[in-house]
Amino acid sequence: MAGRRQSETIAAIATPPGVGGIGIVRISGPEAHPILRALFTPNKPRETFRSHTLYYGTVRDAAGKVLDEVLAVYMKAPNTYTREDIVELHSHGSYLVLSAILGEILRKGARAAEAGEFTKRAFLAGRIDLTRAEAVIDLLRARTDTGMQLAVGQLQGSLYQRIEALRQALVEILAVLEVAIDFPDDDVELIDSQAILTKLEQQVEAPLSGLIGLADRGRIIREGISIVIAGLPNVGKSSLLNALLQEDRALVTPIPGTTRDTIEEVISINGVPARIVDTAGIRSEAESIEELGIQRARRKVREADLVLFMVDAAAPLTAQDRELYSSLGDVDRIVVLNKIDIAGEEGVEAAEAVFSADPLVRISARSHEGLTDLQSAIYTHIMGDSAALQEREPCAPNVRHRLVLEESLAACRRLRTALSAGVTVDLLAVEAQAALDCLGDIVGLTTPDDVLDRIFAEFCIGK
Ligand SMILES: Nc1nc2c(ncn2[C@@H]2O[C@H](COP(=O)(O)OP(=O)(O)OP(=O)(O)O)[C@@H](O)[C@H]2O)c(=O)[nH]1
Ligand SMILES: [Mg+2]
C-alpha cells in the first residue's frame, strides 16, 4: 500500500493562500514531466525540458484556453527535494489562477498531496533524517531569531550528528557483547566489563544526559518561557511589569494590595518569547478578594519556568520575605532587589547575603536602572552557561526527542547495573539494543508509523 502510494504523482499549491507576486504549484513523482509537457506551452516549441532550467510560456486547460503566463522548471531525480522528478510552475500569485492550474494537473492524473507529503517523501527516500524533517517544521514556525537559528542548526544536522555518535558507541558495545554470545565459554571471562562500563559512561551516558539537559532550552525557545513576578505587597512587581513592557499596563499605587488578579503579557527577552505574569502581593492577613488573588499567585508560581522573586531593598528584610522565599520550593528563580534608587548600600548588601544561593539582580523599576542586567540574567538562565548560539550548530531536542532520550538513558542505566551484577551476556545485549533502538526512533530509523504520521501531519499542504 505504502509503496503504491509512493509511486503516485502528487501536486499542491506551495505558496500560502492570499494574493502574492508569485504563486507556485509543485508536482512530484514519475508523471511530473509528462504532465508538464501536456499542459505547458513553452514560448519556443520544444519536446523535452532540461533539468533545473527555467522556461517561459503558458499553461492551458484541456480546451486550449490560456490560464496564465508562467515560468516552469523541471528538476530531474534524484537531485531534488523529494529525490523524485519535480516540476514547479511559477504563476501570478492569485488563488483562482493557482487553483485552476492545480485542477488541470489533477485531471492529468496527479493526486492532491497531503500535508507534509513532499517532506515525508524526502525522508522516506533517505535524503533527510527525521530530525531534519522536524527542523523544517520548526523553521516554518519560528517566530524569533533564536528559534530560526536553532531550526537551521538542526536542519544542518546538529542533532542528527550527536545522535549518530551515540549510536556508534552503542553499536560498538553491542558488537563486543554479541561476540561473547556467539562464542559462549563458561570458563573464560569473554567480556571486559570495566572497559564497557567506561565506554558506556563516557561516550553514551554523559552526552545523553547533556542532550536531555538541552531539551528544556529547546521547549522554551520553541514555545516561550513563562516568567512570574512574585513578592510581598508593594515591593514594585507591577512597576517591573510596566518597565519591561514599556507601557503603563498595570496599576501602580503606594497602597499594598493594589494588584488583585494576575496580569499576563508577552515580551521578548533577547529574542526569546516570554509570557510575563504580574501577581498579587502575597501576604497572610488579606481580605477575601485579595485572598483569591493570592491563591492565583501561588498557583502561577508553581507553574512557572522562572520566578522573579522581588524584595524591596529600601525596607528592612522581613520574616515574611524569608517565609515567602522558602515557600517557593525548588522552582527556578532570580532574586530581584528593587528600589535601589532609594535604598541604602547596607540594606542592599544585607539582602544579598541572605539570598546568595541564587542569581541576584539589583534594579529600580522606577528609574529602569539594572533592567538590562535583569534581561541578561533571564537570557543566561534560558541558555545556560554554554551560550547556545555561540555553538556552531546549536542544538535543542524537542519534547518527542526528550522522552526517547530519557528511555535510552534508562536502558543504559539498566545495562550498567546488569554489567556490575554479572548478568548473562545475552541479557546485557537486550539492554544495549533497547538503548540503541530509542536513538533510532529519534532519527527515524525505527520510528513507529503513527509517530511519523503525527509529525508530518503538523506540516502545511505543499511542504
Ligand atoms: N523609589 C522607587 N519606588 C518604586 C520602585 N518600584 C516601585 N516603586 C513604588 O512602590 C509602590 C508600589 O509599587 P507597585 O508596582 O504597585 O508594587 P506591587 O508589588 O505591584 O504592589 P501590589 O500590587 O500591591 O502587590 C509604588 O508607589 C511605586 O511607585 C522603585 O524602583 N523605586
Ligand atoms: Mg501590583
# chains A, B, ... in the order shown; residues from 1 in each chain; ligands from 1
call {"tool": "select_by_dssp", "arguments": {"residues": "region 62-98 of chain A", "states": "alpha helix (DSSP H)", "output": "PyMOL selection string"}}
result
chain A and resi 95-98
call {"tool": "residues_near_ligand", "arguments": {"ligand": "ligand 2", "cutoff": "12 Å", "atoms": "only C-alpha atoms and all ligand atoms", "output": "number ranges by chain"}}
result
A: 229-242, 248-263, 277-282, 290, 293-294, 297, 310
call {"tool": "residues_around", "arguments": {"residues": "Phe459 (chain A)", "least_positions_apart": "3", "cutoff": "7 Å", "atoms": "only C-alpha atoms", "output": "ChimeraX atom specification"}}
result
/A:115-116,137,456,463
call {"tool": "write_last_selection", "arguments": {"atoms": "N, CA and C atoms", "output": "PDB file, in the first residue's frame"}}
result
ATOM      1  N   ALA A 115      -0.808  17.013   3.709  1.00  0.00           N
ATOM      2  CA  ALA A 115       0.066  17.919   4.462  1.00  0.00           C
ATOM      3  C   ALA A 115       1.430  17.261   4.681  1.00  0.00           C
ATOM      4  N   GLY A 116       2.491  17.966   4.348  1.00  0.00           N
ATOM      5  CA  GLY A 116       3.835  17.462   4.624  1.00  0.00           C
ATOM      6  C   GLY A 116       4.298  16.333   3.719  1.00  0.00           C
ATOM      7  N   ILE A 137       9.711  21.942   9.938  1.00  0.00           N
ATOM      8  CA  ILE A 137       8.511  22.499  10.601  1.00  0.00           C
ATOM      9  C   ILE A 137       8.922  23.634  11.534  1.00  0.00           C
ATOM     10  N   PHE A 456       4.337  14.428  10.454  1.00  0.00           N
ATOM     11  CA  PHE A 456       4.135  15.051   9.142  1.00  0.00           C
ATOM     12  C   PHE A 456       2.774  15.747   9.047  1.00  0.00           C
ATOM     13  N   LYS A 463       4.177  21.492   1.522  1.00  0.00           N
ATOM     14  CA  LYS A 463       5.552  21.447   2.044  1.00  0.00           C
ATOM     15  C   LYS A 463       6.023  20.020   2.084  1.00  0.00           C
TER      16      LYS A 463
END
call {"tool": "closest_residue", "arguments": {"among": "A:Val311, A:Leu106, A:Ala72, A:Leu177", "to": "ligand 1", "atoms": "only C-alpha atoms and all ligand atoms"}}
result
A:Val311
call {"tool": "residues_around", "arguments": {"residues": "Ala133 (chain A)", "least_positions_apart": "5", "cutoff": "7 Å", "atoms": "only C-alpha atoms", "output": "ChimeraX atom specification"}}
result
/A:119,123,128
call {"tool": "closest_residue", "arguments": {"among": "A:Leu308, A:Cys395, A:Leu102, A:Leu67", "to": "Gly153 (chain A)", "atoms": "only C-alpha atoms"}}
result
A:Cys395
call {"tool": "select_by_dssp", "arguments": {"residues": "region 323-411 of chain A", "states": "strand (DSSP E)", "output": "PyMOL selection string"}}
result
chain A and resi 333-338+360-362
